[in-house]
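One file, protein-v9.tsv, is given below (TSV, C-alpha atoms).
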chain	number	residue	atom	x	y	z
V	1	MET	CA	110.06	116.58	149.67
V	2	ASN	CA	109.13	118.86	146.82
V	3	LYS	CA	111.98	121.35	146.41
V	4	GLU	CA	111.19	124.38	144.31
V	5	ILE	CA	113.58	124.96	141.45
V	6	ASN	CA	115.16	128.35	140.88
V	7	CYS	CA	115.74	130.20	137.59
V	8	VAL	CA	119.29	128.88	137.07
V	9	GLU	CA	118.20	125.27	137.60
V	10	PHE	CA	115.34	126.05	135.27
V	11	LEU	CA	117.75	127.18	132.54
V	12	GLU	CA	119.84	124.04	132.90
V	13	THR	CA	116.86	121.81	132.20
V	14	LEU	CA	115.39	124.04	129.52
V	15	SER	CA	116.55	122.11	126.44
V	16	ASP	CA	115.25	118.80	127.73
V	17	TYR	CA	111.97	120.45	128.64
V	18	VAL	CA	111.57	122.05	125.21
V	19	ASP	CA	112.46	118.71	123.55
V	20	GLY	CA	109.87	116.93	125.69
V	21	ILE	CA	112.36	114.46	127.14
V	22	LEU	CA	112.28	115.61	130.74
V	23	GLY	CA	110.96	113.21	133.38
V	24	GLU	CA	107.40	113.77	134.52
V	25	ALA	CA	108.30	114.99	138.02
V	26	LEU	CA	110.84	117.55	136.81
V	27	CYS	CA	108.47	118.63	134.09
V	28	LYS	CA	105.85	119.41	136.71
V	29	GLU	CA	108.38	121.42	138.70
V	30	ILE	CA	109.25	123.43	135.61
V	31	GLU	CA	105.62	124.16	134.91
V	32	THR	CA	104.99	125.22	138.50
V	33	HIS	CA	108.02	127.47	138.28
V	34	MET	CA	106.73	129.04	135.04
V	35	ASP	CA	103.33	129.69	136.62
V	36	ASN	CA	105.09	131.86	139.17
V	37	CYS	CA	107.91	133.28	137.07
V	38	GLU	CA	106.88	135.38	134.08
V	39	ASP	CA	110.53	135.78	132.95
V	40	CYS	CA	111.08	132.03	132.63
V	41	ARG	CA	107.78	131.59	130.82
V	42	ILE	CA	108.90	134.20	128.28
V	43	VAL	CA	112.25	132.42	127.88
V	44	VAL	CA	110.51	129.11	127.11
V	45	ASP	CA	108.06	130.67	124.65
V	46	THR	CA	110.69	132.72	122.81
V	47	LEU	CA	113.12	129.79	122.76
V	48	LYS	CA	110.51	127.53	121.17
V	49	LYS	CA	109.76	130.26	118.64
V	50	THR	CA	113.47	130.69	117.89
V	51	ILE	CA	113.86	126.99	117.07
V	52	TYR	CA	110.64	127.03	115.03
V	53	LEU	CA	111.75	130.05	112.97
V	54	TYR	CA	115.13	128.56	112.11
V	55	HIS	CA	113.59	125.26	111.09
V	56	GLU	CA	110.77	126.80	109.08
V	57	THR	CA	112.89	129.29	107.14
V	58	SER	CA	115.67	126.77	106.48
V	59	ALA	CA	113.26	124.13	105.17
V	60	LYS	CA	112.72	126.40	102.15
V	61	VAL	CA	116.37	126.12	101.10
V	62	THR	CA	116.67	123.89	98.06
V	63	VAL	CA	119.54	123.01	95.76
V	64	PRO	CA	119.47	125.40	92.77
V	65	LEU	CA	119.12	123.58	89.44
V	66	SER	CA	122.51	124.81	88.23
V	67	VAL	CA	124.16	123.49	91.42
V	68	ARG	CA	122.43	120.13	90.97
V	69	GLU	CA	123.58	119.97	87.39
V	70	ARG	CA	127.22	120.69	88.28
V	71	LEU	CA	126.97	118.17	91.13
V	72	PHE	CA	125.78	115.41	88.81
V	73	ARG	CA	128.54	116.23	86.31
V	74	SER	CA	131.21	116.16	89.01
V	75	LEU	CA	129.98	112.71	90.06
V	76	ASP	CA	129.93	111.38	86.49
V	77	LEU	CA	126.17	111.09	86.69
V	78	GLU	CA	125.36	113.51	83.86
V	79	ASP	CA	123.14	110.95	82.13
V	80	PHE	CA	120.77	111.21	85.12
V	81	ILE	CA	120.45	115.01	85.11
V	82	GLN	CA	117.42	115.03	82.84
V	83	LYS	CA	115.66	112.35	84.81
V	84	GLU	CA	114.74	114.59	87.71
V	85	SER	CA	110.96	114.26	87.38
V	86	GLU	CA	111.26	110.51	86.99
V	87	LEU	CA	113.49	110.33	90.06
V	88	LYS	CA	111.15	112.52	92.04
V	89	ASN	CA	108.38	109.99	91.47
V	90	ASP	CA	110.55	107.38	93.12
V	91	VAL	CA	111.85	109.36	96.05
V	92	THR	CA	109.52	111.01	98.52
V	93	PHE	CA	110.95	114.12	100.12
N	1	MET	CA	116.15	113.52	106.16
N	2	SER	CA	113.57	111.40	104.42
N	3	GLU	CA	114.79	108.40	102.53
N	4	GLY	CA	111.45	107.90	100.75
N	5	LYS	CA	111.36	104.63	98.86
N	6	GLU	CA	114.16	102.68	100.52
N	7	LEU	CA	117.48	102.98	98.82
N	8	SER	CA	119.11	99.62	98.20
N	9	LEU	CA	122.38	99.38	100.11
N	10	SER	CA	123.53	96.42	98.09
N	11	LYS	CA	122.98	98.32	94.82
N	12	LEU	CA	124.78	101.35	96.24
N	13	ARG	CA	127.71	99.24	97.39
N	14	ALA	CA	127.86	97.60	93.98
N	15	GLY	CA	128.12	101.03	92.35
N	16	ASP	CA	124.69	101.01	90.64
N	17	ARG	CA	124.70	104.50	89.08
N	18	ALA	CA	120.92	104.92	88.96
N	19	GLU	CA	120.74	104.11	92.66
N	20	ILE	CA	123.58	106.51	93.39
N	21	ALA	CA	121.70	109.24	91.48
N	22	ARG	CA	118.68	108.56	93.72
N	23	LEU	CA	120.90	108.79	96.79
N	24	VAL	CA	122.23	112.16	95.63
N	25	ASP	CA	118.75	113.52	94.94
N	26	ALA	CA	117.41	112.23	98.24
N	27	TYR	CA	120.09	113.85	100.39
N	28	SER	CA	121.58	116.79	98.52
N	29	ALA	CA	119.16	119.41	99.88
N	30	ASN	CA	120.05	118.48	103.48
N	31	ILE	CA	123.78	118.53	102.82
N	32	TYR	CA	123.60	121.81	100.88
N	33	ARG	CA	121.51	123.45	103.63
N	34	LEU	CA	123.90	122.33	106.34
N	35	ALA	CA	126.89	123.66	104.40
N	36	LEU	CA	125.17	126.95	103.59
N	37	LYS	CA	124.20	127.57	107.23
N	38	MET	CA	127.64	126.56	108.42
N	39	LEU	CA	129.68	128.53	105.88
N	40	ALA	CA	127.35	131.35	104.78
N	41	ASN	CA	128.81	131.18	101.29
N	42	PRO	CA	127.02	129.50	98.34
N	43	GLN	CA	130.25	128.63	96.49
N	44	ASP	CA	131.78	126.98	99.56
N	45	ALA	CA	128.48	125.18	100.20
N	46	GLU	CA	128.52	123.83	96.66
N	47	ASP	CA	132.09	122.59	97.12
N	48	VAL	CA	131.11	120.83	100.34
N	49	LEU	CA	128.14	119.26	98.58
N	50	GLN	CA	130.31	117.91	95.76
N	51	ASN	CA	133.11	116.70	98.02
N	52	THR	CA	130.68	115.01	100.39
N	53	PHE	CA	129.19	112.90	97.62
N	54	LEU	CA	132.54	112.25	95.94
N	55	LYS	CA	133.89	110.86	99.21
N	56	ALA	CA	130.70	109.02	100.05
N	57	ILE	CA	130.56	107.30	96.66
N	58	GLN	CA	134.21	106.24	97.01
N	59	ALA	CA	133.56	104.88	100.49
N	60	LEU	CA	130.18	103.24	99.78
N	61	PRO	CA	131.60	99.78	98.99
N	62	LYS	CA	133.02	99.73	102.52
N	63	PHE	CA	129.95	101.21	104.24
N	64	GLU	CA	128.93	98.66	106.86
N	65	GLY	CA	125.64	100.19	107.86
N	66	ARG	CA	126.51	100.52	111.52
N	67	SER	CA	125.00	103.98	111.44
N	68	SER	CA	122.18	105.04	109.14
N	69	LEU	CA	123.08	106.23	105.68
N	70	SER	CA	121.90	109.74	106.55
N	71	THR	CA	123.99	110.03	109.73
N	72	TRP	CA	126.99	108.70	107.82
N	73	LEU	CA	126.51	111.32	105.08
N	74	TYR	CA	126.07	114.08	107.65
N	75	ARG	CA	129.32	113.03	109.27
N	76	ILE	CA	131.19	113.32	105.98
N	77	ALA	CA	129.53	116.69	105.27
N	78	VAL	CA	130.38	118.03	108.75
N	79	ASN	CA	134.04	117.11	108.25
N	80	GLU	CA	134.08	118.80	104.84
N	81	ALA	CA	132.48	121.96	106.24
N	82	LEU	CA	134.89	122.07	109.19
N	83	MET	CA	137.86	121.61	106.85
N	84	THR	CA	136.64	124.55	104.77
N	85	LEU	CA	136.44	126.66	107.94
N	86	ARG	CA	139.97	125.66	108.90
N	87	ARG	CA	141.24	126.68	105.48
N	88	ARG	CA	139.75	130.12	106.07
N	89	LYS	CA	142.04	130.56	109.08
N	90	PRO	CA	142.87	134.25	108.56
N	91	GLU	CA	139.17	135.08	108.67
N	92	ILE	CA	138.49	133.13	111.85
N	93	ASN	CA	138.81	134.71	115.23
N	94	PHE	CA	140.33	132.05	117.43
N	95	ALA	CA	139.86	133.99	120.65
N	96	HIS	CA	137.88	131.87	123.08
N	97	LYS	CA	134.32	132.99	123.23
N	98	PRO	CA	132.64	132.21	126.55
N	99	GLU	CA	129.98	130.03	124.95
N	100	GLU	CA	132.68	127.98	123.25
N	101	ILE	CA	134.16	126.96	126.55
N	102	GLY	CA	130.73	125.97	127.76
N	103	GLU	CA	131.34	126.56	131.41
N	104	GLY	CA	130.29	130.15	131.96
N	105	GLU	CA	127.14	130.78	133.94
N	106	LEU	CA	123.84	130.78	132.17
N	107	HIS	CA	122.07	134.12	132.24
N	108	LEU	CA	118.59	135.35	131.60
N	109	ASN	CA	118.71	138.36	129.30
N	110	GLU	CA	116.28	139.89	126.84
N	111	LEU	CA	112.97	139.19	128.44
N	112	ARG	CA	110.58	140.72	125.99
N	113	ASP	CA	107.81	138.44	124.74
N	114	TRP	CA	107.82	138.78	120.96
N	115	CYS	CA	105.97	135.56	120.20
N	116	CYS	CA	102.80	137.55	119.48
N	117	LEU	CA	104.36	139.38	116.52
N	118	PRO	CA	102.52	138.63	113.26
N	119	GLU	CA	104.06	135.92	111.05
N	120	LYS	CA	104.76	138.49	108.30
N	121	ASP	CA	107.12	140.32	110.67
N	122	LEU	CA	108.69	137.13	112.00
N	123	ILE	CA	109.63	135.81	108.58
N	124	SER	CA	110.03	138.98	106.52
N	125	ALA	CA	113.03	139.13	104.17
N	126	GLU	CA	114.77	141.44	106.63
N	127	ALA	CA	114.09	139.05	109.50
N	128	GLN	CA	115.48	136.13	107.49
N	129	ASN	CA	118.67	138.10	106.86
N	130	TYR	CA	118.91	138.72	110.56
N	131	LEU	CA	118.40	135.00	111.32
N	132	ASP	CA	121.30	134.22	108.97
N	133	GLN	CA	123.52	136.84	110.59
N	134	ALA	CA	122.64	135.72	114.11
N	135	ILE	CA	123.55	132.06	113.52
N	136	GLN	CA	126.95	133.17	112.19
N	137	GLN	CA	127.60	134.82	115.54
N	138	LEU	CA	127.71	131.41	117.21
N	139	SER	CA	131.10	129.73	117.47
N	140	ASP	CA	131.58	126.91	114.93
N	141	LYS	CA	131.19	124.31	117.67
N	142	LEU	CA	127.84	125.64	118.79
N	143	ARG	CA	126.58	126.38	115.28
N	144	ILE	CA	127.10	122.86	113.96
N	145	VAL	CA	125.21	121.34	116.89
N	146	PHE	CA	122.29	123.74	116.43
N	147	ILE	CA	122.16	123.08	112.68
N	148	LEU	CA	122.11	119.30	113.06
N	149	ARG	CA	119.66	119.17	115.95
N	150	ASP	CA	117.29	122.09	115.39
N	151	ILE	CA	117.46	122.75	111.67
N	152	GLU	CA	118.05	119.24	110.34
N	153	LYS	CA	116.12	117.71	113.25
N	154	LEU	CA	118.57	114.92	114.03
N	155	SER	CA	118.11	113.34	117.45
N	156	ILE	CA	120.67	114.00	120.19
N	157	SER	CA	122.12	110.53	119.62
N	158	GLU	CA	122.35	111.02	115.82
N	159	THR	CA	123.93	114.46	116.32
N	160	SER	CA	126.46	112.96	118.70
N	161	GLU	CA	127.22	110.21	116.18
N	162	ALA	CA	127.58	112.65	113.27
N	163	LEU	CA	129.97	114.81	115.30
N	164	GLY	CA	131.81	112.02	117.11
N	165	LEU	CA	131.07	113.71	120.44
N	166	PRO	CA	129.53	112.43	123.67
N	167	GLU	CA	125.82	113.16	124.09
N	168	THR	CA	126.50	115.24	127.21
N	169	THR	CA	128.75	117.58	125.18
N	170	VAL	CA	126.14	117.84	122.43
N	171	LYS	CA	123.44	118.69	124.97
N	172	ALA	CA	125.57	121.32	126.71
N	173	ARG	CA	126.47	123.00	123.40
N	174	LEU	CA	122.90	122.79	122.16
N	175	LEU	CA	121.59	124.59	125.25
N	176	ARG	CA	124.15	127.38	124.84
N	177	ALA	CA	123.48	127.74	121.14
N	178	ARG	CA	119.73	127.91	121.70
N	179	LEU	CA	120.00	130.44	124.51
N	180	LYS	CA	122.38	132.64	122.54
N	181	LEU	CA	120.16	132.65	119.46
N	182	ARG	CA	117.07	133.29	121.56
N	183	GLU	CA	118.82	136.28	123.07
N	184	LEU	CA	119.90	137.64	119.68
N	185	LEU	CA	116.44	137.16	118.19
N	186	SER	CA	114.82	138.74	121.24
N	187	ALA	CA	116.94	141.85	120.80
N	188	TYR	CA	115.88	142.06	117.15
N	189	TYR	CA	112.20	141.18	117.46
N	190	GLY	CA	111.89	143.12	120.72
N	191	GLU	CA	112.53	146.29	118.74
N	192	ARG	CA	109.86	145.31	116.20
N	193	LEU	CA	107.52	144.79	119.13
N	194	GLY	CA	107.91	148.45	120.05
N	195	THR	CA	107.18	149.49	116.45
N	196	GLU	CA	104.17	147.18	116.27
N	197	LYS	CA	102.68	148.61	119.48
N	198	SER	CA	103.16	152.20	118.41
N	199	ARG	CA	101.26	151.63	115.14

Using the file provided, produce a representation of the structure as structure tokens.
Amino acid sequence: MNKEINCVEFLETLSDYVDGILGEALCKEIETHMDNCEDCRIVVDTLKKTIYLYHETSAKVTVPLSVRERLFRSLDLEDFIQKESELKNDVTF
Amino acid sequence: MSEGKELSLSKLRAGDRAEIARLVDAYSANIYRLALKMLANPQDAEDVLQNTFLKAIQALPKFEGRSSLSTWLYRIAVNEALMTLRRRKPEINFAHKPEEIGEGELHLNELRDWCCLPEKDLISAEAQNYLDQAIQQLSDKLRIVFILRDIEKLSISETSEALGLPETTVKARLLRARLKLRELLSAYYGERLGTEKSR
């Protein structure tokens, strides 16, 4: 029997759906629900965008050079401070 | 967190300083970002960064590799960040927020579709400030889960390992964090949507 899901059940499965880890059958139910429920479609789209925006804007955060320098000094690694470019060749970010 | 050219665990355990320097450079951006998002204070974030590596380097000889190096470092960093928050006690509101309890009903609010806004509006300097403010409105418990899973892109199982929490708890908190942030962002971008349309 193919039971139709309601908006609350939809919300409960939302994270798994957005992460792409929901079983095929439930995934289909969600998509059918979204075809008929504009509100839930908007929730999915804006939720995905929310996650995207946080990830994208945060990825730009880097360690300021002065912070890196103080970090290396605090770890007794000051002799490696100047070797940044050399280290960067070794480590892929 | 990308480890790039494999770090040598045996060298790290043996205290090889060049290898430790590589470890620090490979992971410091992730740790700093986590601390900055969690604490919203660059000085506190720097302290967490330093303490995380100080403790990690001390503990490296005993690191058994049961979890990945990155998850292990995240776990140390999470503990450092949470300790900093505890020290700030007077500033923290301990009143139970509904999303902290995690049992309240889920609601559908803010149903404006702002996905179509141009990228320049979505990531303007003002919008970025708002994103930073909005994430601070989450309780600490929800914020740390969102940071690890959606900003640092750890898997559910890695997040649960870094936090020492069951996966079901991580998933429940993640859903609440995501819904709350979506709601806050919808309120903000929804207003821009009105401005955009009236242009």

Test item: residues at most 8 Å from N:Ile31, only C-alpha atoms, excluding those fewer than 5 positions along its chain, as a list in words: Leu49, Tyr74 and Ala77 of chain N

Tell me, in Å to one decimal, how far atom CA of N:Tyr32 is from atom CA of N:Tyr189. 27.9 Å

Around (119.1, 105.3, 106.3), as given in the file, which residues come within 12 Å? Count only C-alpha atoms and list them as a PyMOL selection string. chain N and resi 1-9+23+26-27+63-74+158

Could you write out as a PyMOL selection string the residues of chain V within 7 Å of chain N, counting only C-alpha atoms? chain V and resi 8+15+39+42-43+45-47+49-51+54-55+58+61-63+67+71+75+77+80+87+90-93

Residues of the last selection are to be written out with C-alpha atoms, as a PDB file, in the frame of the given file.
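out16.pdb, written as the output of this step:
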ATOM      1  CA  VAL V   8     119.290 128.880 137.070  1.00  0.00           C
ATOM      2  CA  SER V  15     116.550 122.110 126.440  1.00  0.00           C
ATOM      3  CA  ASP V  39     110.530 135.780 132.950  1.00  0.00           C
ATOM      4  CA  ILE V  42     108.900 134.200 128.280  1.00  0.00           C
ATOM      5  CA  VAL V  43     112.250 132.420 127.880  1.00  0.00           C
ATOM      6  CA  ASP V  45     108.060 130.670 124.650  1.00  0.00           C
ATOM      7  CA  THR V  46     110.690 132.720 122.810  1.00  0.00           C
ATOM      8  CA  LEU V  47     113.120 129.790 122.760  1.00  0.00           C
ATOM      9  CA  LYS V  49     109.760 130.260 118.640  1.00  0.00           C
ATOM     10  CA  THR V  50     113.470 130.690 117.890  1.00  0.00           C
ATOM     11  CA  ILE V  51     113.860 126.990 117.070  1.00  0.00           C
ATOM     12  CA  TYR V  54     115.130 128.560 112.110  1.00  0.00           C
ATOM     13  CA  HIS V  55     113.590 125.260 111.090  1.00  0.00           C
ATOM     14  CA  SER V  58     115.670 126.770 106.480  1.00  0.00           C
ATOM     15  CA  VAL V  61     116.370 126.120 101.100  1.00  0.00           C
ATOM     16  CA  THR V  62     116.670 123.890  98.060  1.00  0.00           C
ATOM     17  CA  VAL V  63     119.540 123.010  95.760  1.00  0.00           C
ATOM     18  CA  VAL V  67     124.160 123.490  91.420  1.00  0.00           C
ATOM     19  CA  LEU V  71     126.970 118.170  91.130  1.00  0.00           C
ATOM     20  CA  LEU V  75     129.980 112.710  90.060  1.00  0.00           C
ATOM     21  CA  LEU V  77     126.170 111.090  86.690  1.00  0.00           C
ATOM     22  CA  PHE V  80     120.770 111.210  85.120  1.00  0.00           C
ATOM     23  CA  LEU V  87     113.490 110.330  90.060  1.00  0.00           C
ATOM     24  CA  ASP V  90     110.550 107.380  93.120  1.00  0.00           C
ATOM     25  CA  VAL V  91     111.850 109.360  96.050  1.00  0.00           C
ATOM     26  CA  THR V  92     109.520 111.010  98.520  1.00  0.00           C
ATOM     27  CA  PHE V  93     110.950 114.120 100.120  1.00  0.00           C
TER      28      PHE V  93
END

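The closest residue to N:Gln137, picked from N:Ala177, N:Val78, N:Leu117, N:Leu12 and counting all atoms listed in the file, is N:Ala177.
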
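Atom CA of N:Val48 lies 5.8 Å from atom CA of N:Glu80.
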
Which residues come within 8 Å of N:Met38, counting only C-alpha atoms, excluding same-chain residues fewer than 4 positions away, as a list in words?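 Result of the neighbour search: Leu34, Ala81, Gln136, Asp140, Arg143, Ile144 and Ile147 of chain N.
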
Quick test: take stretch 4-61 of chain V, keep C-alpha atoms, and write it as a tab-separated table (two decimals), in the first residue's frame.
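This went into result-v8.tsv:
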chain	number	residue	atom	x	y	z
V	4	GLU	CA	0.97	9.40	1.22
V	5	ILE	CA	3.22	11.26	3.62
V	6	ASN	CA	2.11	14.49	5.24
V	7	CYS	CA	4.11	17.69	5.83
V	8	VAL	CA	5.24	16.73	9.36
V	9	GLU	CA	6.50	13.33	8.22
V	10	PHE	CA	8.14	15.16	5.37
V	11	LEU	CA	10.01	17.44	7.79
V	12	GLU	CA	11.23	14.49	9.82
V	13	THR	CA	12.88	12.90	6.82
V	14	LEU	CA	14.14	16.16	5.37
V	15	SER	CA	17.79	15.94	6.49
V	16	ASP	CA	18.23	12.43	5.15
V	17	TYR	CA	16.61	13.48	1.89
V	18	VAL	CA	18.85	16.53	1.50
V	19	ASP	CA	21.91	14.38	2.34
V	20	GLY	CA	20.86	11.83	-0.27
V	21	ILE	CA	20.80	8.94	2.19
V	22	LEU	CA	17.09	8.22	2.14
V	23	GLY	CA	15.91	4.86	0.79
V	24	GLU	CA	14.60	4.84	-2.76
V	25	ALA	CA	10.96	4.22	-1.83
V	26	LEU	CA	10.82	7.02	0.75
V	27	CYS	CA	12.66	9.30	-1.62
V	28	LYS	CA	9.96	8.75	-4.22
V	29	GLU	CA	7.28	9.53	-1.65
V	30	ILE	CA	9.03	12.78	-0.76
V	31	GLU	CA	9.26	13.78	-4.38
V	32	THR	CA	5.60	13.00	-4.98
V	33	HIS	CA	4.74	15.05	-1.92
V	34	MET	CA	6.81	17.99	-3.20
V	35	ASP	CA	5.08	17.85	-6.58
V	36	ASN	CA	1.82	18.50	-4.78
V	37	CYS	CA	3.01	20.73	-1.95
V	38	GLU	CA	4.61	24.01	-2.96
V	39	ASP	CA	5.45	24.87	0.69
V	40	CYS	CA	7.54	21.73	1.18
V	41	ARG	CA	9.30	22.24	-2.13
V	42	ILE	CA	10.28	25.74	-0.98
V	43	VAL	CA	11.53	24.33	2.35
V	44	VAL	CA	13.77	21.82	0.55
V	45	ASP	CA	15.16	24.40	-1.88
V	46	THR	CA	15.82	27.05	0.77
V	47	LEU	CA	17.29	24.47	3.15
V	48	LYS	CA	19.74	23.28	0.51
V	49	LYS	CA	20.64	26.90	-0.21
V	50	THR	CA	21.14	27.60	3.50
V	51	ILE	CA	23.63	24.74	3.83
V	52	TYR	CA	25.37	25.80	0.61
V	53	LEU	CA	25.74	29.42	1.75
V	54	TYR	CA	27.25	28.49	5.10
V	55	HIS	CA	29.70	26.10	3.52
V	56	GLU	CA	30.70	28.45	0.72
V	57	THR	CA	31.23	31.54	2.86
V	58	SER	CA	33.05	29.61	5.60
V	59	ALA	CA	35.44	27.96	3.15
V	60	LYS	CA	36.99	31.41	2.63
V	61	VAL	CA	38.08	31.63	6.28
